[in-house]
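J.: One file: protein.cif (mmCIF, C-alpha atoms).
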data_final
loop_
_atom_site.label_atom_id
_atom_site.label_comp_id
_atom_site.auth_asym_id
_atom_site.auth_seq_id
_atom_site.Cartn_x
_atom_site.Cartn_y
_atom_site.Cartn_z
CA MET A 12 -8.48 30.97 1.94
CA LYS A 13 -5.86 28.62 0.65
CA PRO A 14 -7.20 27.19 -2.63
CA GLY A 15 -7.60 29.44 -5.63
CA PRO A 16 -11.11 30.40 -6.70
CA PHE A 17 -13.18 27.94 -8.71
CA THR A 18 -16.75 27.38 -9.76
CA TYR A 19 -18.30 24.58 -7.75
CA HIS A 20 -20.66 22.07 -9.34
CA ASP A 21 -22.48 19.44 -7.29
CA PRO A 22 -24.40 17.22 -9.71
CA THR A 23 -26.55 14.40 -8.38
CA GLU A 24 -26.80 12.34 -11.57
CA LEU A 25 -23.92 10.73 -13.45
CA ALA A 26 -25.20 12.08 -16.79
CA ASP A 27 -24.99 15.61 -15.39
CA ALA A 28 -21.51 15.05 -13.98
CA VAL A 29 -20.31 13.70 -17.33
CA ALA A 30 -21.90 16.62 -19.18
CA LEU A 31 -20.23 19.10 -16.81
CA ILE A 32 -16.74 17.64 -17.14
CA GLY A 33 -17.20 17.54 -20.90
CA ALA A 34 -18.41 21.13 -21.12
CA HIS A 35 -15.76 22.94 -19.08
CA GLU A 36 -12.14 23.74 -19.70
CA ASN A 37 -9.71 23.17 -16.81
CA ALA A 38 -12.29 21.18 -14.87
CA ARG A 39 -11.37 18.60 -12.24
CA ALA A 40 -13.52 15.88 -10.73
CA LEU A 41 -13.49 15.88 -6.93
CA ALA A 42 -13.73 12.41 -5.38
CA GLY A 43 -12.61 11.98 -1.75
CA GLY A 44 -10.31 14.99 -2.04
CA GLN A 45 -7.50 13.44 0.00
CA SER A 46 -4.94 14.20 -2.72
CA LEU A 47 -6.63 16.85 -4.85
CA VAL A 48 -7.53 19.18 -1.97
CA PRO A 49 -3.96 19.26 -0.56
CA MET A 50 -2.80 20.07 -4.09
CA MET A 51 -5.39 22.85 -4.23
CA ASN A 52 -4.37 24.12 -0.79
CA PHE A 53 -0.81 24.42 -2.09
CA ARG A 54 -2.18 25.87 -5.32
CA TYR A 55 -0.31 23.25 -7.30
CA ALA A 56 -3.76 22.47 -8.69
CA MET A 57 -5.95 25.40 -9.68
CA PRO A 58 -8.99 24.10 -11.52
CA ASP A 59 -11.50 26.66 -12.77
CA HIS A 60 -14.31 24.19 -12.32
CA LEU A 61 -14.60 21.62 -9.59
CA ILE A 62 -17.13 18.88 -10.23
CA ASP A 63 -17.95 17.26 -6.91
CA LEU A 64 -18.85 13.59 -7.38
CA ASN A 65 -19.75 13.04 -3.72
CA GLY A 66 -23.45 13.66 -4.32
CA VAL A 67 -23.70 11.66 -7.55
CA SER A 68 -25.89 8.61 -7.04
CA GLY A 69 -24.90 5.16 -8.21
CA LEU A 70 -21.12 5.53 -8.03
CA SER A 71 -20.61 3.87 -4.64
CA PHE A 72 -21.17 0.12 -4.54
CA ILE A 73 -19.48 -3.18 -3.78
CA ASP A 74 -20.62 -6.17 -5.83
CA CYS A 75 -18.96 -9.51 -5.07
CA GLY A 76 -20.51 -11.54 -7.87
CA GLU A 77 -18.77 -13.61 -10.54
CA ARG A 78 -16.57 -10.56 -11.04
CA ILE A 79 -15.76 -8.12 -8.28
CA ARG A 80 -17.25 -4.73 -9.13
CA LEU A 81 -16.48 -1.55 -7.21
CA GLY A 82 -18.05 1.83 -7.83
CA ALA A 83 -15.41 4.48 -8.36
CA MET A 84 -16.71 6.56 -5.45
CA THR A 85 -16.73 3.66 -2.98
CA ARG A 86 -15.01 4.91 0.16
CA GLN A 87 -11.81 3.15 1.13
CA ARG A 88 -13.39 2.70 4.55
CA ASP A 89 -16.32 0.77 3.10
CA VAL A 90 -13.93 -1.54 1.27
CA GLU A 91 -11.88 -1.98 4.46
CA PHE A 92 -14.92 -3.05 6.45
CA SER A 93 -16.67 -5.15 3.77
CA SER A 94 -16.76 -8.75 4.98
CA ASP A 95 -17.75 -9.92 1.47
CA LEU A 96 -14.62 -8.34 0.01
CA GLN A 97 -12.47 -9.60 2.86
CA HIS A 98 -13.68 -13.08 1.99
CA ALA A 99 -13.36 -12.79 -1.79
CA VAL A 100 -10.29 -10.52 -2.17
CA PRO A 101 -8.40 -10.59 1.13
CA ILE A 102 -5.30 -8.89 -0.33
CA LEU A 103 -7.37 -5.77 -0.95
CA ARG A 104 -7.84 -5.04 2.75
CA GLU A 105 -4.26 -6.02 3.55
CA ALA A 106 -3.05 -3.39 1.08
CA LEU A 107 -5.70 -0.85 2.01
CA LEU A 108 -4.62 -0.75 5.64
CA ASN A 109 -1.45 0.93 4.36
CA VAL A 110 -3.44 3.66 2.59
CA GLY A 111 -3.32 6.74 4.79
CA HIS A 112 -5.18 6.63 8.07
CA ARG A 113 -8.68 6.16 9.44
CA GLN A 114 -9.59 9.79 8.79
CA THR A 115 -8.39 9.74 5.19
CA ARG A 116 -9.91 6.32 4.41
CA ASN A 117 -13.25 7.57 5.75
CA ARG A 118 -13.23 10.07 2.92
CA GLY A 119 -10.85 8.72 0.27
CA THR A 120 -12.27 6.63 -2.56
CA ILE A 121 -11.01 3.63 -4.51
CA GLY A 122 -11.48 5.40 -7.85
CA GLY A 123 -9.80 8.56 -6.62
CA SER A 124 -6.71 6.66 -5.55
CA ILE A 125 -6.51 4.86 -8.89
CA CYS A 126 -6.93 8.07 -10.90
CA ASN A 127 -4.38 9.93 -8.78
CA LEU A 128 -1.97 7.11 -9.72
CA ASP A 129 0.84 7.88 -7.31
CA PRO A 130 3.79 5.64 -8.33
CA SER A 131 3.81 3.79 -5.03
CA ALA A 132 0.07 3.91 -4.25
CA GLU A 133 -1.41 0.60 -3.17
CA MET A 134 -4.74 0.61 -5.03
CA PRO A 135 -3.33 1.00 -8.56
CA ALA A 136 -0.86 -1.81 -7.77
CA ILE A 137 -3.63 -4.10 -6.51
CA MET A 138 -5.73 -3.37 -9.61
CA LEU A 139 -2.79 -4.13 -11.89
CA LEU A 140 -2.22 -7.34 -9.94
CA HIS A 141 -5.81 -8.39 -10.71
CA ASP A 142 -5.76 -7.24 -14.37
CA ALA A 143 -8.66 -4.99 -13.48
CA GLU A 144 -10.85 -3.39 -16.09
CA LEU A 145 -11.81 0.26 -15.60
CA THR A 146 -14.97 1.82 -16.96
CA ALA A 147 -14.78 5.42 -18.11
CA GLN A 148 -17.70 7.52 -19.21
CA SER A 149 -17.96 10.70 -21.21
CA THR A 150 -20.62 12.34 -23.33
CA ARG A 151 -19.04 10.38 -26.20
CA GLY A 152 -19.94 7.09 -24.57
CA VAL A 153 -18.60 4.36 -22.30
CA ARG A 154 -15.09 2.94 -22.63
CA LYS A 155 -13.46 -0.04 -20.93
CA ILE A 156 -9.76 0.30 -20.18
CA PRO A 157 -7.52 -2.50 -18.91
CA MET A 158 -5.40 -1.37 -15.95
CA ASN A 159 -2.12 -1.93 -17.83
CA LYS A 160 -3.31 0.54 -20.48
CA PHE A 161 -4.68 2.95 -17.88
CA ALA A 162 -1.41 3.70 -16.11
CA LEU A 163 0.51 5.62 -18.76
CA GLY A 164 3.24 7.30 -16.76
CA PHE A 165 4.05 9.35 -13.69
CA MET A 166 0.67 10.21 -12.16
CA THR A 167 -0.75 10.10 -15.68
CA THR A 168 -3.72 7.98 -16.68
CA SER A 169 -5.23 7.33 -20.07
CA LEU A 170 -8.45 9.07 -19.02
CA GLU A 171 -9.31 11.88 -21.41
CA PRO A 172 -10.03 15.29 -19.84
CA ASP A 173 -13.76 14.79 -20.47
CA GLU A 174 -13.93 11.26 -19.02
CA LEU A 175 -14.92 10.10 -15.54
CA LEU A 176 -13.95 6.77 -14.02
CA THR A 177 -17.17 5.10 -12.91
CA GLU A 178 -16.33 1.48 -12.11
CA ILE A 179 -13.49 -0.94 -11.46
CA SER A 180 -14.01 -4.65 -11.99
CA PHE A 181 -11.84 -7.75 -11.93
CA ALA A 182 -12.13 -11.52 -11.80
CA ARG A 183 -11.77 -13.11 -8.40
CA TRP A 184 -9.04 -15.65 -7.74
CA GLY A 185 -9.89 -19.21 -6.75
CA LYS A 186 -11.00 -20.18 -3.30
CA GLY A 187 -8.05 -20.71 -0.97
CA HIS A 188 -5.59 -18.79 -3.14
CA GLY A 189 -2.44 -17.50 -1.48
CA TYR A 190 -1.89 -13.78 -1.18
CA GLY A 191 0.53 -11.37 0.40
CA PHE A 192 1.11 -7.64 0.33
CA HIS A 193 4.11 -5.96 1.93
CA GLU A 194 5.45 -2.45 1.65
CA TYR A 195 8.07 -0.27 3.20
CA ALA A 196 7.32 3.32 4.18
CA ARG A 197 9.25 5.53 6.56
CA ARG A 198 6.10 6.01 8.64
CA HIS A 199 3.00 3.85 8.61
CA GLY A 200 0.38 5.38 6.33
CA ASP A 201 2.87 7.42 4.32
CA PHE A 202 3.36 6.78 0.64
CA ALA A 203 5.50 3.69 0.42
CA ILE A 204 8.98 3.74 -1.04
CA CYS A 205 8.31 0.33 -2.51
CA SER A 206 5.61 -2.34 -2.27
CA ALA A 207 5.00 -5.89 -3.50
CA GLY A 208 1.82 -7.92 -3.90
CA VAL A 209 1.54 -11.62 -4.74
CA LEU A 210 -1.36 -13.91 -5.68
CA ILE A 211 -0.87 -17.67 -6.12
CA GLU A 212 -3.19 -20.50 -7.03
CA ALA A 213 -1.76 -23.94 -6.37
CA ASP A 214 -2.86 -27.18 -8.02
CA SER A 215 -3.39 -30.48 -6.22
CA ARG A 216 0.30 -31.44 -6.70
CA GLY A 217 1.48 -28.33 -4.83
CA GLU A 218 2.62 -26.65 -8.01
CA VAL A 219 1.92 -23.16 -9.26
CA ALA A 220 -1.25 -23.13 -11.34
CA ARG A 221 -1.29 -19.39 -11.59
CA ILE A 222 0.77 -16.58 -10.12
CA ALA A 223 0.74 -12.79 -10.29
CA ILE A 224 3.29 -10.44 -8.77
CA VAL A 225 3.18 -6.66 -8.77
CA VAL A 226 5.81 -4.23 -7.54
CA GLY A 227 5.01 -0.59 -6.82
CA GLY A 228 7.33 2.37 -6.33
CA LEU A 229 10.14 1.22 -8.61
CA GLY A 230 9.27 3.52 -11.46
CA ALA A 231 6.51 5.82 -12.63
CA THR A 232 3.81 3.17 -12.43
CA PRO A 233 3.48 -0.22 -10.72
CA VAL A 234 4.85 -3.15 -12.75
CA ARG A 235 4.02 -6.82 -13.07
CA LEU A 236 6.78 -9.46 -13.13
CA SER A 237 5.20 -10.97 -16.26
CA ALA A 238 8.24 -12.94 -17.45
CA PHE A 239 8.71 -14.55 -14.05
CA GLU A 240 4.99 -15.29 -13.75
CA ALA A 241 5.00 -17.18 -17.05
CA ALA A 242 8.16 -19.11 -16.15
CA ALA A 243 6.94 -20.00 -12.65
CA LYS A 244 3.87 -21.88 -13.83
CA GLY A 245 4.13 -25.56 -12.95
CA HIS A 246 6.97 -25.02 -10.49
CA ARG A 247 6.76 -26.51 -7.05
CA LEU A 248 5.87 -24.18 -4.16
CA ALA A 249 9.30 -24.30 -2.60
CA ASP A 250 11.78 -21.87 -1.13
CA GLU A 251 13.68 -21.70 -4.44
CA LEU A 252 10.64 -20.14 -6.08
CA ILE A 253 10.57 -17.40 -3.45
CA ALA A 254 14.25 -16.69 -4.00
CA GLU A 255 13.76 -16.60 -7.78
CA ALA A 256 10.82 -14.20 -7.46
CA ALA A 257 12.85 -11.91 -5.21
CA ALA A 258 15.75 -12.02 -7.66
CA ALA A 259 13.44 -11.20 -10.56
CA ALA A 260 11.97 -8.24 -8.65
CA SER A 261 15.40 -6.86 -7.83
CA ARG A 262 16.38 -6.97 -11.52
CA MET A 263 13.56 -4.65 -12.60
CA ASP A 264 14.23 -1.15 -13.90
CA ALA A 265 14.03 1.48 -11.17
CA LEU A 266 14.22 5.24 -10.98
CA SER A 267 16.34 7.33 -8.63
CA ASP A 268 15.07 10.51 -7.04
CA ALA A 269 16.30 12.96 -4.41
CA HIS A 270 15.33 10.59 -1.61
CA PHE A 271 16.10 7.06 -2.75
CA SER A 272 18.44 5.54 -5.28
CA ALA A 273 17.41 3.03 -7.91
CA ASP A 274 19.65 0.43 -6.22
CA TYR A 275 17.86 0.89 -2.92
CA ARG A 276 14.46 0.59 -4.57
CA ARG A 277 15.53 -2.62 -6.31
CA HIS A 278 16.83 -3.96 -3.02
CA LEU A 279 13.48 -3.20 -1.37
CA ALA A 280 11.61 -4.76 -4.30
CA GLY A 281 13.49 -8.00 -3.72
CA VAL A 282 12.98 -8.01 0.04
CA LEU A 283 9.29 -7.13 -0.16
CA THR A 284 8.60 -9.64 -2.94
CA ARG A 285 10.23 -12.34 -0.81
CA ARG A 286 8.01 -11.41 2.14
CA ALA A 287 4.88 -11.26 0.00
CA MET A 288 5.69 -14.66 -1.55
CA LYS A 289 6.26 -16.08 1.92
CA SER A 290 2.90 -14.77 3.13
CA ALA A 291 1.19 -16.23 0.07
CA PHE A 292 2.84 -19.63 0.65
CA GLU A 293 1.79 -19.65 4.30
CA ARG A 294 -1.79 -18.80 3.42
CA ILE A 295 -1.92 -21.69 0.97
CA GLY A 296 -0.56 -23.83 3.79
CA VAL A 297 3.01 -24.28 2.59
CA ALA A 298 5.73 -23.50 5.11
CA ALA A 299 8.50 -21.27 3.86
CA TYR A 300 11.92 -21.00 5.43
CA VAL A 301 13.43 -18.02 3.64
CA MET B 21 -25.23 22.46 8.55
CA SER B 22 -25.61 21.31 12.09
CA VAL B 23 -22.57 21.72 14.35
CA ASN B 24 -22.73 20.08 17.76
CA GLY B 25 -26.51 19.99 17.48
CA ARG B 26 -26.93 23.65 16.58
CA THR B 27 -28.03 24.64 13.08
CA TYR B 28 -26.03 27.24 11.18
CA GLU B 29 -26.88 28.81 7.84
CA ARG B 30 -24.22 30.74 6.00
CA ASP B 31 -23.35 31.62 2.42
CA VAL B 32 -19.72 30.77 1.76
CA GLU B 33 -17.34 30.80 -1.14
CA PRO B 34 -16.87 27.27 -2.50
CA ARG B 35 -13.15 27.37 -1.77
CA MET B 36 -13.72 27.91 1.95
CA LEU B 37 -12.34 24.85 3.73
CA LEU B 38 -14.47 23.30 6.45
CA VAL B 39 -11.79 24.01 9.08
CA ASP B 40 -11.69 27.69 8.16
CA PHE B 41 -15.48 27.87 8.14
CA LEU B 42 -15.67 26.43 11.65
CA ARG B 43 -12.94 28.71 12.98
CA GLN B 44 -13.60 31.96 11.12
CA ASP B 45 -17.31 31.99 10.37
CA LEU B 46 -18.62 30.11 13.40
CA ASP B 47 -15.90 31.17 15.87
CA LEU B 48 -15.45 27.53 16.85
CA THR B 49 -11.70 27.82 17.24
CA GLY B 50 -11.31 24.58 19.17
CA THR B 51 -10.67 22.78 15.89
CA HIS B 52 -7.05 23.55 15.09
CA ALA B 53 -5.61 24.23 11.65
CA GLY B 54 -2.18 22.63 11.65
CA CYS B 55 -0.49 21.59 8.43
CA GLU B 56 -3.55 22.39 6.30
CA HIS B 57 -2.72 19.65 3.82
CA GLY B 58 -4.00 16.53 5.51
CA VAL B 59 -0.93 15.28 7.32
CA CYS B 60 -1.13 16.28 10.98
CA GLY B 61 -4.71 15.44 11.97
CA ALA B 62 -5.15 18.47 14.27
CA CYS B 63 -8.25 19.56 12.32
CA THR B 64 -10.03 16.20 12.69
CA VAL B 65 -13.78 16.58 13.16
CA LEU B 66 -16.67 14.15 12.77
CA VAL B 67 -19.03 14.60 9.82
CA ASN B 68 -22.10 12.38 10.01
CA GLY B 69 -20.26 10.39 12.66
CA ARG B 70 -17.09 9.79 10.63
CA SER B 71 -13.73 11.32 11.49
CA LEU B 72 -12.14 13.29 8.70
CA ARG B 73 -9.68 16.05 8.08
CA SER B 74 -11.59 19.33 7.93
CA CYS B 75 -8.72 20.92 5.94
CA LEU B 76 -9.43 18.48 3.09
CA MET B 77 -13.14 19.16 2.77
CA PHE B 78 -14.86 22.26 1.51
CA ALA B 79 -17.49 23.77 3.78
CA VAL B 80 -20.06 23.55 0.98
CA GLN B 81 -19.57 19.79 0.94
CA ALA B 82 -20.87 19.64 4.51
CA ASN B 83 -24.10 21.34 3.47
CA GLY B 84 -26.89 19.62 5.42
CA ALA B 85 -24.44 17.41 7.33
CA SER B 86 -24.12 16.90 11.04
CA VAL B 87 -20.70 18.05 12.24
CA GLU B 88 -19.19 17.36 15.66
CA THR B 89 -16.22 19.28 16.99
CA ILE B 90 -14.24 19.44 20.23
CA GLU B 91 -16.67 22.09 21.50
CA GLY B 92 -19.43 19.49 21.57
CA LEU B 93 -17.63 16.90 23.68
CA ALA B 94 -18.16 18.26 27.19
CA ASN B 95 -21.28 17.33 29.14
CA ALA B 96 -24.31 19.62 29.07
CA ASP B 97 -23.41 21.04 32.50
CA GLY B 98 -19.97 22.03 31.25
CA SER B 99 -18.10 19.25 33.04
CA LEU B 100 -15.54 17.27 31.07
CA SER B 101 -16.58 14.12 29.21
CA ILE B 102 -15.03 10.82 30.26
CA LEU B 103 -12.51 10.96 27.42
CA GLN B 104 -11.51 14.54 28.23
CA GLU B 105 -11.20 13.67 31.91
CA CYS B 106 -8.91 10.79 31.06
CA PHE B 107 -6.65 13.05 28.97
CA HIS B 108 -6.46 15.33 32.02
CA ASP B 109 -5.77 12.51 34.45
CA HIS B 110 -3.11 10.82 32.30
CA HIS B 111 -1.43 14.02 31.10
CA GLY B 112 -2.46 13.12 27.57
CA LEU B 113 -1.49 16.56 26.36
CA GLN B 114 1.22 19.12 26.84
CA CYS B 115 0.92 22.04 24.43
CA GLY B 116 -2.59 20.95 23.46
CA PHE B 117 -2.34 21.71 19.77
CA CYS B 118 -3.05 18.17 18.59
CA THR B 119 -5.57 17.45 21.36
CA PRO B 120 -8.82 18.37 19.55
CA GLY B 121 -7.92 16.00 16.72
CA MET B 122 -6.84 13.26 19.12
CA LEU B 123 -10.12 13.54 21.01
CA MET B 124 -12.29 13.47 17.90
CA THR B 125 -10.43 10.47 16.43
CA LEU B 126 -10.78 8.58 19.70
CA THR B 127 -14.42 9.65 20.05
CA GLU B 128 -15.24 7.94 16.76
CA HIS B 129 -13.21 4.85 17.58
CA LEU B 130 -14.54 4.34 21.10
CA ARG B 131 -18.12 4.67 19.89
CA GLU B 132 -17.56 1.72 17.58
CA ASN B 133 -15.11 -0.27 19.70
CA ALA B 134 -15.88 -0.44 23.39
CA THR B 135 -12.96 -2.73 24.18
CA PRO B 136 -9.93 -1.51 22.24
CA ASP B 137 -6.48 -2.87 22.92
CA GLU B 138 -3.30 -0.82 22.98
CA GLN B 139 -2.09 -1.82 19.52
CA GLU B 140 -5.45 -0.94 17.99
CA LEU B 141 -5.41 2.55 19.52
CA ARG B 142 -1.84 3.12 18.36
CA VAL B 143 -2.87 2.26 14.80
CA VAL B 144 -5.96 4.47 14.94
CA LEU B 145 -3.87 7.37 16.22
CA THR B 146 -1.31 7.12 13.39
CA GLY B 147 -3.34 9.79 11.63
CA ASN B 148 -2.75 12.33 14.41
CA LEU B 149 0.68 13.79 15.05
CA CYS B 150 1.77 14.86 18.54
CA ARG B 151 5.18 16.44 19.11
CA CYS B 152 5.03 16.62 22.92
CA THR B 153 3.82 13.47 24.57
CA GLY B 154 5.40 10.61 22.67
CA TYR B 155 1.84 9.22 22.47
CA GLN B 156 2.22 6.98 25.52
CA ALA B 157 0.01 9.12 27.75
CA ILE B 158 -2.54 9.57 24.96
CA VAL B 159 -2.85 5.83 24.45
CA GLU B 160 -3.19 5.33 28.19
CA ALA B 161 -5.91 7.99 28.34
CA GLY B 162 -7.78 6.28 25.49
CA LEU B 163 -7.57 2.86 27.14
CA ASP B 164 -8.68 4.27 30.49
CA ALA B 165 -11.57 6.13 28.84
CA ALA B 166 -12.77 2.88 27.27
CA ARG B 167 -12.61 1.20 30.70
CA ARG B 168 -14.50 4.03 32.39
CA MET B 169 -17.12 4.15 29.62
CA ARG B 170 -17.72 0.41 30.01
CA ALA B 171 -18.01 0.77 33.78
CA LYS B 172 -20.48 3.62 33.40
CA LYS B 173 -22.56 1.62 30.94
CA GLU B 174 -22.60 -1.39 33.23
CA ALA B 175 -23.59 0.79 36.19
CA ALA B 176 -26.48 2.20 34.16
CA GLU B 177 -27.77 -1.25 33.22
#
Now that the file is in, can you turn its structure into structure tokens?

T.:
Amino acid sequence: MKPGPFTYHDPTELADAVALIGAHENARALAGGQSLVPMMNFRYAMPDHLIDLNGVSGLSFIDCGERIRLGAMTRQRDVEFSSDLQHAVPILREALLNVGHRQTRNRGTIGGSICNLDPSAEMPAIMLLHDAELTAQSTRGVRKIPMNKFALGFMTTSLEPDELLTEISFARWGKGHGYGFHEYARRHGDFAICSAGVLIEADSRGEVARIAIVVGGLGATPVRLSAFEAAAKGHRLADELIAEAAAAASRMDALSDAHFSADYRRHLAGVLTRRAMKSAFERIGVAAYV
Amino acid sequence: MSVNGRTYERDVEPRMLLVDFLRQDLDLTGTHAGCEHGVCGACTVLVNGRSLRSCLMFAVQANGASVETIEGLANADGSLSILQECFHDHHGLQCGFCTPGMLMTLTEHLRENATPDEQELRVVLTGNLCRCTGYQAIVEAGLDAARRMRAKKEAAE
């Protein structure tokens, strides 16, 4: 057997799951298991207690109301095939199709991906793009955490050891907003080297009413181009704006590792931001020539 | 759990992976353990109709579930299913290591999509690695299987 020994808990109620994770040392919550179980197979992760959330009721739901609400245990597959979500948040599916493969999305969850917080993972980037709010629960109570305070560092979230992520929610963007998500990975479905996501709302004059840009894979966590976003407001949707966004992305701080240099990541950030901007323009109905 | 329609009851250690349970406890060695960390897709089985990697699920998590493996694909009389026949006809395998996973992935997809196109099958098969065929013959087998399944359904109607 590959994983080390552990005590298995399979609660059916959230209160029990929260009590279990609060009561045990070296306990891990098991969501879809598409990252944690490989880590356990390698014995990089050796929890003494595994608290399986798959049987806990009430953690898997998609609510497309005033705010979009997703249960933490909602399968990536269910998000992929939700026509309500496709209508309300089309960028979500566009990004999700880069998350692993059919077999892993059948099992993998939205909350699991966010909590795993791989630097180039798509779901944390999309949640940062939407200024999502995460709901965490422990025996001490319920806590709301904005996504930019959730992602602390390399695969490190602000969840306390006794907390469980239960829900992700964010405001939807206006009808007819532009969106685009592009990434570069060596093989489709692999973790990306770099990714970029763009949301744009245009006003009646064809100017930027609101814009959000996220880049993943540059550093330990995804980053927003906040300074550019603020400066771009009121600018015309023209090719120059795409070029400026790409330039801003390629000026961000980036980390080097054994595989890819910081320069290469910045280069990709620029290219992918340009492509994502272009997609967003086209979806608003503005032709782009860059 | 039920595997290919037959009910099995076993006590297992929680850390027993589903793939190891199928192979070691149930002697269903058709499901192959490849990379054992969720990359290669050789261990793909269906649980409650959904394809997944059996090396990334603990056997205890399939308690009460309905599991389908490569052993359950052939017809009751032992003859090959349409999909299996198509893999044979199109040389959709060489060494055969990835084949169980390929077949299970395509089984799920063809149940839900009777008229797949080539691009769609190529995307669906990105989760299954093959080092022999270059995928071309596998994609052709999948497309042909869809055609033959449609023809069979029409003939029955």

J.: Do a neighbour search on Pro136 of chain B at 9 Å with all atoms listed in the file, toss out local chain neighbours closer than 5 positions, and write the hits as number ranges by chain.

T.: B: 129-130, 141, 162-163, 166

J.: With C-alpha atoms retained, write the just-selected residues as a PDB file, in the coordinates of the input.

T.:
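Output below, filename result39.pdb:
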ATOM      1  CA  HIS B 129     -13.210   4.850  17.580  1.00  0.00           C
ATOM      2  CA  LEU B 130     -14.540   4.340  21.100  1.00  0.00           C
ATOM      3  CA  LEU B 141      -5.410   2.550  19.520  1.00  0.00           C
ATOM      4  CA  GLY B 162      -7.780   6.280  25.490  1.00  0.00           C
ATOM      5  CA  LEU B 163      -7.570   2.860  27.140  1.00  0.00           C
ATOM      6  CA  ALA B 166     -12.770   2.880  27.270  1.00  0.00           C
TER       7      ALA B 166
END

J.: Figure out the distance between atom CA of Arg247 of chain A and atom CA of Glu212 of chain A, please, to one decimal in Å.

T.: 11.6 Å

J.: So that I can see what lies close to segment 138-150 of chain A, please list as JSON, numbers by chain the residues with an atom at most 6 Å from it, counting only C-alpha atoms and leaving out residues fewer than 3 positions away in the same chain.

T.: {"A": [29, 135, 153, 154, 155, 156, 157, 158, 173, 174, 175, 176, 177, 178, 179, 180, 181, 225]}

J.: Contacts between chain B and chain A, please, where a residue of chain A counts if it comes within 9 Å (with only C-alpha atoms); show its shortest atom pair and distance in Å to one decimal, rows by chain and ascending number, as a Markdown table.

T.:
| residue | atom | partner | partner_atom | distance |
| --- | --- | --- | --- | --- |
| A:Met12 | CA | B:Met36 | CA | 6.1 |
| A:Lys13 | CA | B:Arg35 | CA | 7.8 |
| A:Pro14 | CA | B:Arg35 | CA | 6.0 |
| A:Gly15 | CA | B:Arg35 | CA | 7.1 |
| A:Pro16 | CA | B:Arg35 | CA | 6.1 |
| A:Phe17 | CA | B:Arg35 | CA | 7.0 |
| A:Thr18 | CA | B:Pro34 | CA | 7.3 |
| A:Tyr19 | CA | B:Pro34 | CA | 6.1 |
| A:Asp21 | CA | B:Gln81 | CA | 8.7 |
| A:Gly43 | CA | B:Met77 | CA | 8.5 |
| A:Gly44 | CA | B:Leu76 | CA | 6.3 |
| A:Gln45 | CA | B:Leu76 | CA | 6.2 |
| A:Ser46 | CA | B:Leu76 | CA | 8.5 |
| A:Leu47 | CA | B:Leu76 | CA | 8.6 |
| A:Val48 | CA | B:Leu76 | CA | 5.5 |
| A:Pro49 | CA | B:His57 | CA | 4.6 |
| A:Met50 | CA | B:His57 | CA | 7.9 |
| A:Asn52 | CA | B:His57 | CA | 6.6 |
| A:Phe53 | CA | B:His57 | CA | 7.8 |
| A:Asp63 | CA | B:Gln81 | CA | 8.4 |
| A:Asn65 | CA | B:Gln81 | CA | 8.2 |
| A:Gly66 | CA | B:Gln81 | CA | 9.0 |
| A:Gly111 | CA | B:Gly147 | CA | 7.5 |
| A:His112 | CA | B:Gly147 | CA | 5.1 |
| A:Arg113 | CA | B:Val144 | CA | 6.4 |
| A:Gln114 | CA | B:Leu72 | CA | 4.3 |
| A:Thr115 | CA | B:Leu72 | CA | 6.2 |
| A:Arg116 | CA | B:Leu72 | CA | 8.5 |
| A:Asn117 | CA | B:Leu72 | CA | 6.5 |
| A:Arg118 | CA | B:Leu72 | CA | 6.7 |
| A:Arg198 | CA | B:Thr146 | CA | 8.9 |
| A:His199 | CA | B:Thr146 | CA | 7.2 |
| A:Gly200 | CA | B:Thr146 | CA | 7.5 |

J.: Please report, as JSON, the centre and edge lengths in Å to one decimal of an axis-aligned box covering all listed atoms of segment 138-156 of chain B with 4 Å per side.

T.:
{"center_x": -0.3, "center_y": 7.4, "center_z": 18.6, "size_x": 19.4, "size_y": 26.4, "size_z": 21.9}

J.: I want to know what sits within 10 Å of Leu103 of chain A, based on all atoms listed in the file, with residues of the same chain fewer than 5 positions away left out; could you give that as a ChimeraX atom specification?

T.: /A:90-91,96-97,108,133-134,137-138,190-192,208

J.: Kindly give the distance, in Å, that separates atom CA of Leu123 of chain B and atom CA of Gln44 of chain B, rounded to a single decimal.

T.: 21.2 Å

J.: Just the residues within 9 Å of Arg43 of chain B, please, counting only C-alpha atoms, with nothing from its chain fewer than 6 positions along; format it as a ChimeraX atom specification.

T.: /B:49-53

J.: Taking all atoms listed in the file into account, which of B:Asp47, B:Glu138, B:Glu105, B:Glu29 comes nearest Met169 of chain B?

T.: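 Using all atoms listed in the file, the shortest distance to Met169 of chain B belongs to B:Glu105.
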
J.: Have a look at A:Arg183, A:Lys160, A:Arg88, A:Arg235 and name the one nearest to Gly119 of chain A; count only C-alpha atoms.

T.: A:Arg88

J.: From the options B:Ile158, B:Leu149, B:Leu126, B:Ala79, which residue's atoms come nearest to His111 of chain B, counting all atoms listed in the file?

T.: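 Of the candidates, the smallest distance to His111 of chain B is held by B:Ile158.
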